[in-house]
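Here is structure-v3.cif, consisting of mmCIF, C-alpha atoms:
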```
data_entry
loop_
_atom_site.label_atom_id
_atom_site.label_comp_id
_atom_site.auth_asym_id
_atom_site.auth_seq_id
_atom_site.Cartn_x
_atom_site.Cartn_y
_atom_site.Cartn_z
CA MET A 21 21.07 -45.67 -18.84
CA PRO A 22 18.47 -45.39 -16.09
CA SER A 23 16.19 -48.36 -15.62
CA LEU A 24 12.53 -48.27 -16.60
CA LYS A 25 11.48 -48.07 -12.98
CA ASP A 26 13.74 -45.06 -12.36
CA LEU A 27 12.27 -43.29 -15.35
CA LYS A 28 8.73 -44.00 -14.21
CA ASN A 29 9.51 -42.58 -10.77
CA ARG A 30 11.10 -39.53 -12.31
CA ILE A 31 8.06 -38.88 -14.51
CA ASN A 32 5.72 -39.22 -11.55
CA SER A 33 7.72 -36.82 -9.43
CA VAL A 34 7.79 -34.17 -12.18
CA LYS A 35 4.05 -34.67 -12.62
CA SER A 36 3.38 -33.89 -8.99
CA THR A 37 5.65 -30.86 -9.19
CA ARG A 38 3.59 -29.67 -12.13
CA LYS A 39 0.43 -30.10 -10.13
CA ILE A 40 1.83 -27.94 -7.36
CA THR A 41 3.06 -25.15 -9.62
CA LYS A 42 -0.25 -25.19 -11.46
CA ALA A 43 -2.13 -24.84 -8.18
CA MET A 44 0.17 -22.03 -7.06
CA GLN A 45 -0.44 -20.24 -10.32
CA MET A 46 -4.20 -20.45 -9.87
CA VAL A 47 -3.98 -19.21 -6.28
CA ALA A 48 -1.74 -16.33 -7.38
CA ALA A 49 -4.21 -15.44 -10.13
CA ALA A 50 -7.08 -15.28 -7.65
CA LYS A 51 -5.02 -13.26 -5.19
CA LEU A 52 -3.82 -10.97 -7.93
CA ARG A 53 -7.40 -10.06 -8.80
CA ARG A 54 -8.12 -9.21 -5.19
CA ALA A 55 -4.90 -7.24 -4.84
CA GLN A 56 -5.67 -5.29 -7.99
CA GLU A 57 -9.16 -4.51 -6.74
CA ALA A 58 -7.70 -3.27 -3.46
CA ALA A 59 -5.23 -1.06 -5.30
CA GLU A 60 -8.02 0.23 -7.51
CA ALA A 61 -10.27 0.97 -4.53
CA ALA A 62 -7.54 2.91 -2.77
CA ARG A 63 -6.89 5.13 -5.75
CA PRO A 64 -9.61 7.81 -5.30
CA PHE A 65 -8.41 8.69 -1.82
CA ALA A 66 -4.75 8.87 -2.79
CA GLU A 67 -5.48 10.95 -5.88
CA ARG A 68 -7.61 13.48 -4.02
CA MET A 69 -5.02 13.73 -1.29
CA ASP A 70 -2.30 14.28 -3.86
CA ALA A 71 -4.23 16.96 -5.69
CA VAL A 72 -5.09 18.89 -2.54
CA LEU A 73 -1.59 18.65 -1.11
CA ALA A 74 0.09 19.53 -4.38
CA ASN A 75 -2.00 22.68 -4.47
CA LEU A 76 -1.18 23.63 -0.92
CA ALA A 77 2.45 22.66 -1.24
CA ARG A 78 3.00 24.83 -4.27
CA ALA A 79 1.80 27.86 -2.35
CA SER A 80 3.80 27.39 0.81
CA LYS A 81 6.87 25.50 -0.29
CA ASP A 82 9.12 28.52 -0.12
CA SER A 83 7.58 30.14 2.92
CA PRO A 84 9.76 29.99 6.03
CA THR A 85 6.93 28.48 8.05
CA ALA A 86 6.56 25.45 5.78
CA PRO A 87 6.41 22.20 7.78
CA ARG A 88 9.59 20.16 7.87
CA LEU A 89 7.88 17.19 6.24
CA LEU A 90 7.52 19.35 3.14
CA ALA A 91 10.56 21.60 3.20
CA GLY A 92 12.96 19.03 4.62
CA THR A 93 15.52 19.56 7.31
CA GLY A 94 17.68 21.65 5.04
CA LYS A 95 20.26 18.88 4.72
CA ASP A 96 20.41 15.62 2.86
CA ASP A 97 23.17 13.86 4.76
CA VAL A 98 21.29 10.90 6.15
CA HIS A 99 19.06 8.85 3.87
CA LEU A 100 16.49 6.37 5.08
CA LEU A 101 15.67 3.66 2.57
CA ILE A 102 12.37 1.89 3.17
CA VAL A 103 12.73 -1.31 1.19
CA ALA A 104 9.39 -3.08 0.78
CA THR A 105 9.54 -6.67 -0.44
CA ALA A 106 7.45 -9.82 -0.12
CA GLU A 107 7.30 -12.22 2.80
CA ARG A 108 7.57 -15.24 0.54
CA GLY A 109 9.75 -16.35 -2.30
CA LEU A 110 8.84 -18.35 -5.41
CA CYS A 111 7.80 -15.26 -7.28
CA GLY A 112 10.44 -14.94 -9.97
CA GLY A 113 12.67 -11.90 -9.84
CA PHE A 114 10.23 -9.87 -7.77
CA ASN A 115 12.30 -9.52 -4.59
CA SER A 116 15.66 -9.40 -6.33
CA GLN A 117 14.50 -6.57 -8.58
CA ILE A 118 13.67 -4.33 -5.65
CA VAL A 119 16.83 -5.25 -3.81
CA LYS A 120 18.92 -4.57 -6.90
CA ARG A 121 17.36 -1.14 -7.30
CA ALA A 122 17.96 -0.36 -3.64
CA ARG A 123 21.52 -1.67 -3.77
CA GLN A 124 22.36 0.64 -6.68
CA ASP A 125 21.17 3.63 -4.70
CA ILE A 126 22.97 2.54 -1.55
CA GLU A 127 26.23 2.35 -3.47
CA ARG A 128 25.60 5.70 -5.15
CA LEU A 129 24.73 7.44 -1.89
CA ARG A 130 27.71 5.95 -0.12
CA ALA A 131 30.00 7.06 -2.92
CA GLU A 132 28.64 10.57 -2.43
CA GLY A 133 29.59 10.33 1.22
CA LYS A 134 26.06 10.19 2.63
CA THR A 135 24.96 8.06 5.53
CA VAL A 136 22.47 5.34 4.61
CA LYS A 137 19.98 3.68 6.92
CA ILE A 138 17.71 0.86 5.90
CA LEU A 139 14.26 -0.02 7.13
CA THR A 140 13.07 -3.29 5.64
CA VAL A 141 9.47 -4.29 5.16
CA GLY A 142 9.09 -7.97 4.34
CA LYS A 143 11.39 -10.84 5.14
CA LYS A 144 12.84 -11.57 1.72
CA GLY A 145 14.42 -8.19 1.15
CA ARG A 146 15.98 -8.28 4.58
CA GLU A 147 17.56 -11.64 3.88
CA GLN A 148 19.04 -10.44 0.61
CA LEU A 149 20.30 -7.13 1.96
CA LYS A 150 21.78 -8.74 5.05
CA ARG A 151 24.76 -9.74 2.97
CA GLY A 152 26.85 -6.61 2.90
CA TYR A 153 24.51 -4.07 4.48
CA ALA A 154 23.53 -5.68 7.78
CA ASP A 155 25.17 -2.84 9.71
CA LEU A 156 22.90 -0.29 8.02
CA PHE A 157 19.66 -1.83 9.26
CA VAL A 158 17.72 0.35 11.67
CA GLY A 159 14.51 -1.62 11.76
CA HIS A 160 12.28 -4.24 10.24
CA VAL A 161 8.54 -4.53 9.77
CA ASP A 162 7.16 -8.03 9.67
CA PHE A 163 3.97 -8.61 7.70
CA SER A 164 4.11 -12.40 7.63
CA GLU A 165 1.02 -12.58 9.86
CA VAL A 166 -0.90 -10.12 7.70
CA LYS A 167 -3.05 -11.69 5.01
CA ARG A 168 -4.38 -8.52 3.49
CA ILE A 169 -2.60 -5.23 3.77
CA ALA A 170 -4.87 -2.82 5.62
CA TYR A 171 -4.47 0.91 5.99
CA ALA A 172 -3.67 0.36 9.65
CA ASN A 173 -0.54 -1.59 8.64
CA ALA A 174 0.69 1.30 6.53
CA GLN A 175 -0.16 3.68 9.33
CA SER A 176 2.01 1.80 11.79
CA VAL A 177 4.95 1.93 9.38
CA ALA A 178 4.34 5.63 8.85
CA GLN A 179 4.23 6.25 12.60
CA ASP A 180 7.56 4.52 12.97
CA VAL A 181 9.11 6.59 10.18
CA LEU A 182 7.66 9.83 11.57
CA HIS A 183 9.08 9.08 14.98
CA ARG A 184 12.50 8.61 13.53
CA PHE A 185 12.13 11.80 11.53
CA ASP A 186 11.04 13.80 14.56
CA ALA A 187 13.98 12.38 16.47
CA GLY A 188 16.23 13.68 13.70
CA GLU A 189 17.47 10.27 12.66
CA PHE A 190 17.40 11.04 8.94
CA ASP A 191 16.86 13.85 6.43
CA VAL A 192 15.46 12.11 3.37
CA ALA A 193 13.24 9.02 3.16
CA THR A 194 12.64 6.99 0.04
CA VAL A 195 10.33 4.01 -0.44
CA TYR A 196 11.40 1.14 -2.70
CA PHE A 197 8.72 -1.06 -4.19
CA ASN A 198 7.58 -2.65 -7.43
CA ARG A 199 5.04 -0.68 -9.42
CA PHE A 200 2.49 -2.99 -10.96
CA GLN A 201 2.28 -2.55 -14.70
CA SER A 202 0.99 -5.89 -15.90
CA VAL A 203 1.25 -9.53 -14.97
CA ILE A 204 4.57 -9.79 -16.77
CA THR A 205 6.07 -6.38 -16.00
CA GLN A 206 6.66 -4.88 -12.61
CA VAL A 207 8.80 -1.81 -12.44
CA PRO A 208 11.09 -1.38 -9.42
CA THR A 209 10.46 2.16 -8.24
CA ALA A 210 12.03 4.51 -5.76
CA GLN A 211 9.76 7.20 -4.42
CA GLN A 212 10.88 9.97 -2.13
CA VAL A 213 8.34 10.54 0.63
CA ILE A 214 10.19 12.90 2.98
CA PRO A 215 10.46 15.72 2.08
CA ALA A 216 7.20 15.18 0.23
CA THR A 217 7.20 15.58 -3.52
CA PHE A 218 4.21 16.18 -5.75
CA ASP A 219 3.34 15.98 -9.35
CA GLU A 220 3.25 19.61 -10.48
CA SER A 221 0.90 18.97 -13.40
CA GLU A 222 -1.69 17.53 -11.05
CA ALA A 223 -1.59 20.68 -8.99
CA ALA A 224 -2.41 22.85 -11.95
CA GLU A 225 -5.37 20.66 -12.85
CA ALA A 226 -6.90 20.65 -9.41
CA GLY A 227 -7.66 24.34 -9.73
CA THR A 228 -7.31 27.00 -7.09
CA GLY A 229 -9.78 29.33 -5.48
CA TYR A 230 -10.48 27.22 -2.44
CA GLU A 231 -11.17 28.76 0.90
CA TYR A 232 -9.27 27.02 3.64
CA GLU A 233 -10.28 26.37 7.19
CA PRO A 234 -8.16 26.50 9.32
CA ASP A 235 -5.40 28.24 7.33
CA GLU A 236 -3.21 26.60 4.70
CA ASP A 237 -0.30 25.93 7.02
CA ALA A 238 -2.44 24.18 9.61
CA ILE A 239 -4.04 21.98 6.96
CA LEU A 240 -0.62 21.10 5.58
CA ALA A 241 0.70 20.23 9.03
CA ASP A 242 -2.31 17.99 9.57
CA LEU A 243 -2.30 16.32 6.17
CA LEU A 244 1.41 15.70 5.57
CA PRO A 245 1.75 12.93 8.19
CA ARG A 246 -1.40 11.31 6.81
CA ASN A 247 -0.02 11.64 3.32
CA LEU A 248 3.02 9.64 4.36
CA ALA A 249 0.76 6.81 5.50
CA VAL A 250 -1.21 7.03 2.26
CA GLN A 251 1.97 6.93 0.17
CA ILE A 252 3.27 3.92 2.06
CA PHE A 253 -0.13 2.25 1.81
CA ARG A 254 -0.13 2.80 -1.93
CA ALA A 255 3.38 1.36 -2.24
CA LEU A 256 2.39 -1.70 -0.22
CA LEU A 257 -0.70 -2.30 -2.34
CA GLU A 258 1.24 -1.93 -5.57
CA ASN A 259 3.78 -4.32 -4.14
CA ALA A 260 1.13 -6.87 -3.19
CA ALA A 261 -0.33 -6.83 -6.69
CA SER A 262 3.13 -7.03 -8.25
CA GLU A 263 4.10 -9.94 -6.04
CA GLN A 264 1.08 -11.97 -7.11
CA GLY A 265 1.60 -11.03 -10.73
CA ALA A 266 5.26 -12.05 -10.59
CA ARG A 267 4.40 -15.28 -8.85
CA MET A 268 1.71 -16.05 -11.40
CA SER A 269 4.04 -15.69 -14.36
CA ALA A 270 6.86 -17.52 -12.58
CA MET A 271 4.56 -20.43 -11.82
CA ASP A 272 3.18 -20.38 -15.35
CA ASN A 273 6.74 -20.81 -16.62
CA ALA A 274 7.43 -23.56 -14.13
CA THR A 275 4.29 -25.43 -15.16
CA ARG A 276 5.24 -25.18 -18.81
CA ASN A 277 8.80 -26.37 -18.12
CA ALA A 278 7.51 -29.31 -16.12
CA GLY A 279 5.21 -30.23 -19.02
CA GLU A 280 8.14 -30.18 -21.46
CA MET A 281 10.22 -32.28 -19.12
CA ILE A 282 7.44 -34.85 -18.80
CA ASP A 283 7.19 -35.09 -22.60
CA LYS A 284 10.92 -35.63 -22.95
CA LEU A 285 11.06 -38.22 -20.18
CA THR A 286 8.08 -40.05 -21.63
CA ILE A 287 9.84 -40.37 -24.98
CA VAL A 288 12.97 -41.76 -23.29
CA TYR A 289 10.77 -44.12 -21.27
CA ASN A 290 8.92 -45.41 -24.34
CA ARG A 291 12.14 -45.83 -26.31
CA SER A 292 13.85 -47.87 -23.65
CA ARG A 293 10.73 -49.99 -23.14
CA GLN A 294 10.58 -50.68 -26.89
CA ALA A 295 14.29 -51.45 -26.90
CA ALA A 296 13.81 -54.00 -24.15
CA ILE A 297 10.95 -55.67 -26.04
CA THR A 298 12.96 -55.79 -29.26
CA LYS A 299 15.91 -57.24 -27.42
CA GLU A 300 13.77 -60.00 -25.95
CA LEU A 301 12.25 -60.80 -29.36
CA ILE A 302 15.69 -61.07 -30.96
CA GLU A 303 16.78 -63.40 -28.21
CA ILE A 304 13.73 -65.64 -28.74
CA ILE A 305 14.07 -65.68 -32.52
CA SER A 306 17.80 -66.39 -32.53
CA GLY A 307 17.18 -69.07 -29.91
CA ALA A 308 14.58 -70.70 -32.18
CA GLU A 309 16.88 -70.48 -35.22
CA ALA A 310 19.70 -72.19 -33.36
CA LEU A 311 17.59 -75.29 -32.85
CA MET B 471 -29.85 25.53 -10.19
CA ALA B 472 -29.05 22.07 -9.03
CA ASP B 473 -31.04 21.12 -5.97
CA THR B 474 -28.85 18.21 -4.92
CA ILE B 475 -25.16 17.96 -4.19
CA LYS B 476 -23.09 14.85 -4.82
CA PHE B 477 -21.78 13.35 -1.61
CA GLU B 478 -18.82 11.00 -1.46
CA LEU B 479 -17.26 9.33 1.54
CA VAL B 480 -13.85 7.84 0.80
CA SER B 481 -11.50 5.98 3.10
CA PRO B 482 -7.90 5.06 2.21
CA GLU B 483 -9.04 1.54 1.47
CA ARG B 484 -12.17 2.11 -0.54
CA LYS B 485 -15.11 4.31 -1.40
CA LEU B 486 -17.60 3.88 1.41
CA ALA B 487 -20.59 5.83 0.19
CA SER B 488 -21.74 7.87 -2.74
CA ALA B 489 -25.12 9.55 -2.90
CA ASP B 490 -27.05 12.64 -3.96
CA ALA B 491 -27.84 14.78 -0.98
CA GLU B 492 -29.77 17.95 -0.23
CA SER B 493 -27.28 18.99 2.40
CA VAL B 494 -24.25 17.55 4.17
CA THR B 495 -23.00 18.47 7.63
CA VAL B 496 -19.34 17.85 8.35
CA PRO B 497 -17.41 18.27 11.62
CA GLY B 498 -14.90 20.90 10.49
CA MET B 499 -11.84 21.70 12.55
CA ALA B 500 -13.26 25.11 13.41
CA GLY B 501 -16.83 23.91 14.00
CA ASP B 502 -19.55 21.90 12.32
CA MET B 503 -20.59 23.22 8.95
CA THR B 504 -23.34 22.37 6.52
CA ALA B 505 -22.78 22.39 2.80
CA MET B 506 -25.71 22.85 0.42
CA PRO B 507 -25.76 22.87 -3.37
CA ASN B 508 -23.70 25.70 -4.89
CA HIS B 509 -21.51 26.09 -1.86
CA ALA B 510 -18.34 28.06 -2.48
CA PRO B 511 -15.18 25.95 -2.96
CA PHE B 512 -14.01 25.11 0.49
CA LEU B 513 -11.47 22.86 2.12
CA THR B 514 -11.34 21.97 5.77
CA THR B 515 -9.70 19.38 7.94
CA LEU B 516 -12.01 17.31 10.13
CA ARG B 517 -12.11 16.59 13.80
CA PRO B 518 -13.63 13.36 15.13
CA GLY B 519 -17.41 13.62 14.84
CA PHE B 520 -20.49 12.83 12.82
CA VAL B 521 -21.08 13.50 9.16
CA THR B 522 -24.77 13.88 8.44
CA VAL B 523 -26.17 13.47 4.95
CA ARG B 524 -29.72 14.56 4.27
CA GLY B 525 -31.18 13.39 1.01
CA ALA B 526 -34.39 12.18 -0.61
CA ALA B 527 -33.98 8.86 1.18
CA GLY B 528 -33.81 10.45 4.61
CA GLU B 529 -30.94 11.12 6.93
CA GLN B 530 -27.76 9.08 7.14
CA THR B 531 -24.94 9.60 9.60
CA TYR B 532 -21.34 8.42 9.60
CA PHE B 533 -18.72 8.74 12.28
CA VAL B 534 -15.28 9.85 11.11
CA THR B 535 -12.10 9.93 13.16
CA GLY B 536 -10.41 12.62 11.09
CA GLY B 537 -9.37 13.52 7.59
CA PHE B 538 -10.52 16.37 5.40
CA ALA B 539 -13.48 17.49 3.35
CA GLU B 540 -13.39 19.10 -0.04
CA ILE B 541 -16.48 21.08 -0.96
CA SER B 542 -17.21 22.43 -4.40
CA PRO B 543 -20.50 23.76 -5.84
CA GLU B 544 -21.45 20.30 -7.08
CA THR B 545 -19.74 17.84 -4.75
CA VAL B 546 -18.82 17.18 -1.15
CA SER B 547 -15.97 14.71 -0.78
CA VAL B 548 -15.18 13.56 2.69
CA LEU B 549 -11.79 11.87 2.86
CA ALA B 550 -11.91 10.12 6.17
CA GLU B 551 -9.06 8.34 7.85
CA GLU B 552 -11.55 5.91 9.29
CA ALA B 553 -15.33 5.93 9.03
CA VAL B 554 -18.23 3.81 10.26
CA GLU B 555 -21.98 4.19 9.97
CA GLY B 556 -23.43 6.26 12.76
CA ALA B 557 -25.58 3.45 14.11
CA GLU B 558 -22.59 1.15 14.49
CA VAL B 559 -20.60 3.41 16.79
CA THR B 560 -20.30 1.81 20.22
CA ARG B 561 -18.74 2.98 23.41
CA ALA B 562 -16.25 0.11 23.39
CA TRP B 563 -15.06 1.02 19.90
CA LEU B 564 -14.69 4.66 20.88
CA ASP B 565 -12.73 3.70 23.98
CA GLU B 566 -10.25 1.89 21.80
CA LYS B 567 -9.91 4.99 19.63
CA ILE B 568 -9.49 7.20 22.67
CA GLU B 569 -6.63 5.03 23.81
CA ALA B 570 -4.95 5.24 20.40
CA PHE B 571 -5.43 9.01 20.23
CA THR B 572 -4.06 9.44 23.74
CA ALA B 573 -0.92 7.61 22.74
CA ILE B 574 -0.52 9.76 19.62
CA ALA B 575 -1.14 12.99 21.51
CA ALA B 576 1.37 12.06 24.19
CA GLU B 577 4.11 11.50 21.64
CA ALA B 578 3.32 14.25 19.16
CA PRO B 579 6.08 16.82 18.64
CA ALA B 580 5.39 20.39 19.73
CA GLU B 581 4.21 21.64 16.33
CA ARG B 582 1.37 19.07 16.20
CA ALA B 583 0.70 18.62 19.91
CA GLN B 584 -2.12 21.15 20.09
CA ALA B 585 -4.00 19.70 17.12
CA GLU B 586 -3.71 16.16 18.49
CA ALA B 587 -4.91 17.27 21.94
CA LEU B 588 -7.94 18.93 20.35
CA LYS B 589 -8.81 15.74 18.51
CA LEU B 590 -8.53 13.70 21.67
CA ASN B 591 -10.85 16.15 23.38
CA ASP B 592 -13.40 15.90 20.58
CA ILE B 593 -13.51 12.15 20.52
CA LYS B 594 -13.92 12.11 24.30
CA ALA B 595 -16.86 14.49 23.99
CA VAL B 596 -18.51 12.19 21.48
CA ALA B 597 -17.96 9.23 23.78
CA GLU B 598 -19.58 11.10 26.66
CA ARG B 599 -22.65 11.83 24.58
CA ILE B 600 -23.04 8.23 23.48
CA SER B 601 -22.76 6.71 26.92
CA GLY B 602 -24.98 9.41 28.45
#
```
Show the structure stored in the file as structure tokens.
Amino acid sequence: MPSLKDLKNRINSVKSTRKITKAMQMVAAAKLRRAQEAAEAARPFAERMDAVLANLARASKDSPTAPRLLAGTGKDDVHLLIVATAERGLCGGFNSQIVKRARQDIERLRAEGKTVKILTVGKKGREQLKRGYADLFVGHVDFSEVKRIAYANAQSVAQDVLHRFDAGEFDVATVYFNRFQSVITQVPTAQQVIPATFDESEAAEAGTGYEYEPDEDAILADLLPRNLAVQIFRALLENAASEQGARMSAMDNATRNAGEMIDKLTIVYNRSRQAAITKELIEIISGAEAL
Amino acid sequence: MADTIKFELVSPERKLASADAESVTVPGMAGDMTAMPNHAPFLTTLRPGFVTVRGAAGEQTYFVTGGFAEISPETVSVLAEEAVEGAEVTRAWLDEKIEAFTAIAAEAPAERAQAEALKLNDIKAVAERISG
């Protein structure tokens, strides 16, 4: 049986933990709103880009002059996995979810006899993948100094990936990230970015009949590298919103658990205090009776 | 017939401007072009240069480093990689861009080298004009 003083200390320590988790939850909520706004603001650009490219891609996909970013290298032997995770922990299953999704694909691709290369974005995913796949790492992008993901950040990642592609280091590139659905659900997603894929239904909607200047192929060659940056940017923004959402719900749970624990400990504390008082009373009374 | 055309300037991060305009001039890859209401559907990539919007409220210019413009009878959407208001363009800022473009052009693979070199040339021309 712990002493009263121990119990009191215990209660106080859980109380301060609750204060911290509560504060973290509030911070995450504020950041989540900003992250969502950023994702929202980036949508018009990405959607336009998608629509235009989908239209162009449909026309020239099968032509022999199609750019390699669209048509691929003609092989799919070497896969590059761009695994985007958070820089920090304490956000529930956020990082593990992405890593799990990536790990499944790594195993599948390896079983098929393909070569896998991994480019990690964010510290947490790297740490988790290091166990078992450290020899597959080809690079790492560190965003721990970046407070808000800017387009320039995505661009630098895209440049890196394009370089590797031009150097013939891989045939297929896929981005792994968490798609933000709501505060409680984030869906781990794998999106293939090289060769570029497009939503066919969007293409039909965008309508044809455009005149192009310069010609279609030149526009495609110009836009595809940009599109890669836009896709990565979108993934990073979705990830940022998901991270804050996951952290918010994780911290909400933690706060609630701490509250429950405090209640339980308080009951134990009160009981043992009452027991001590009763014991003392009995001692006094039986002492008086003995006289 | 509509006498204004809807103008939108969008960057990857956010929508920068949205206005009704009488005409919009964009720096197309094959030369500057002006779009007026009821322009035929048109799509062009952009070289570094100034976008000029003329509307009821006067003239407004923006500097874009690249991207593309989508023109339809009712709207002009400029999707710019990076854009700033014309008045805010400084030589120092352009010099930074020139450096970045030089690096890209130097490393570009053969199939994109010519396009990148053209862009570098364009941005240099703009810089010359501003300092002169």
**OP:** Write out as a ChimeraX atom specification which residues come within 12 Å of Ala104 in chain A when counting all atoms listed in the file, dropping same-chain ones fewer than 6 positions away.
**Re:** /A:114-119,121-122,138-146,149,160-163,174,177,194-199,208-211,252-260,262-263
Original post:
What does the PyMOL selection byres ((chain A) within 9 of (chain B)) select in this file, as an MDAnalysis selection string?
Top reply: chainID A and resid 58:66 68:69 72 87 170:171 183 186 228:235 238:239 241:243 246 250 253
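Distances to Gly133 in chain A were evaluated for A:Ala91, A:Met268, A:Lys120, A:Asp96 using only C-alpha atoms, and the minimum falls at A:Asp96.
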**OP:** Taking the file above as input, evaluate the PyMOL selection byres ((chain B and resi 507) around 9) and report the hits as a VMD selection string.
**Re:** chain B and resid 471 to 476 491 to 493 505 to 506 508 to 509 542 to 545
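Of the listed residues B:Val494, B:Ile600, B:Met503, B:Val554, the one whose atoms come nearest to Glu529 in chain B is B:Val494, with distances taken using all atoms listed in the file.
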**OP:** Take the PyMOL selection byres ((chain A and resi 100) around 8), apply it to the structure above, and return the hits as a list in words.
**Re:** Val98, His99, Leu101, Ile102, Val136, Lys137, Ile138, Leu139, Phe190, Asp191, Val192, Ala193 and Thr194 of chain A
**OP:** Figure out the distance between CA of Glu147 in chain A and CA of Ala43 in chain A, please, to one decimal in Å.
**Re:** 26.6 Å
Subject >> Point-to-point distance from CA of Pro497 in chain B to CA of Leu248 in chain A, Å rounded to tenths >> reply: 23.3 Å
Could you put an axis-aligned box around every listed atom of range 544-554 of chain B, padded by 3 Å on each side, and send me its centre and edge lengths in Å to one decimal, as lines of an AutoDock Vina configuration file?
```
center_x = -15.3
center_y = 12.1
center_z = 1.6
size_x = 18.4
size_y = 22.5
size_z = 23.3
```
**OP:** Record the distance separating CA of Pro245 in chain A and CA of Ala575 in chain B, expressed in Å with one decimal.
**Re:** 13.6 Å
**OP:** Please check which residues have atoms at most 12 Å from (-10.0, 14.4, 25.8) in the file's coordinates, counting all atoms listed in the file, and write them as a list in words.
**Re:**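 The requested residues, written out, are Pro518, Leu564, Asp565, Lys567, Ile568, Glu569, Ala570, Phe571, Thr572, Ala573, Ala575, Ala576, Gln584, Ala585, Glu586, Ala587, Leu588, Lys589, Leu590, Asn591, Asp592, Ile593, Lys594, Ala595, Val596, Ala597 and Glu598 of chain B.
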Subject >> Polymer residues at most 8 Å from (5.8, -30.5, -13.0) by only C-alpha atoms, as JSON, numbers by chain >> reply: {"A": [33, 34, 35, 36, 37, 38, 39, 40, 41, 274, 275, 276, 277, 278, 279, 281, 282]}
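When all atoms listed in the file are used to compute distances to Ser269 in chain A, the closest of the residues A:Lys150, A:Lys95, A:Lys42, A:Arg293 turns out to be A:Lys42.
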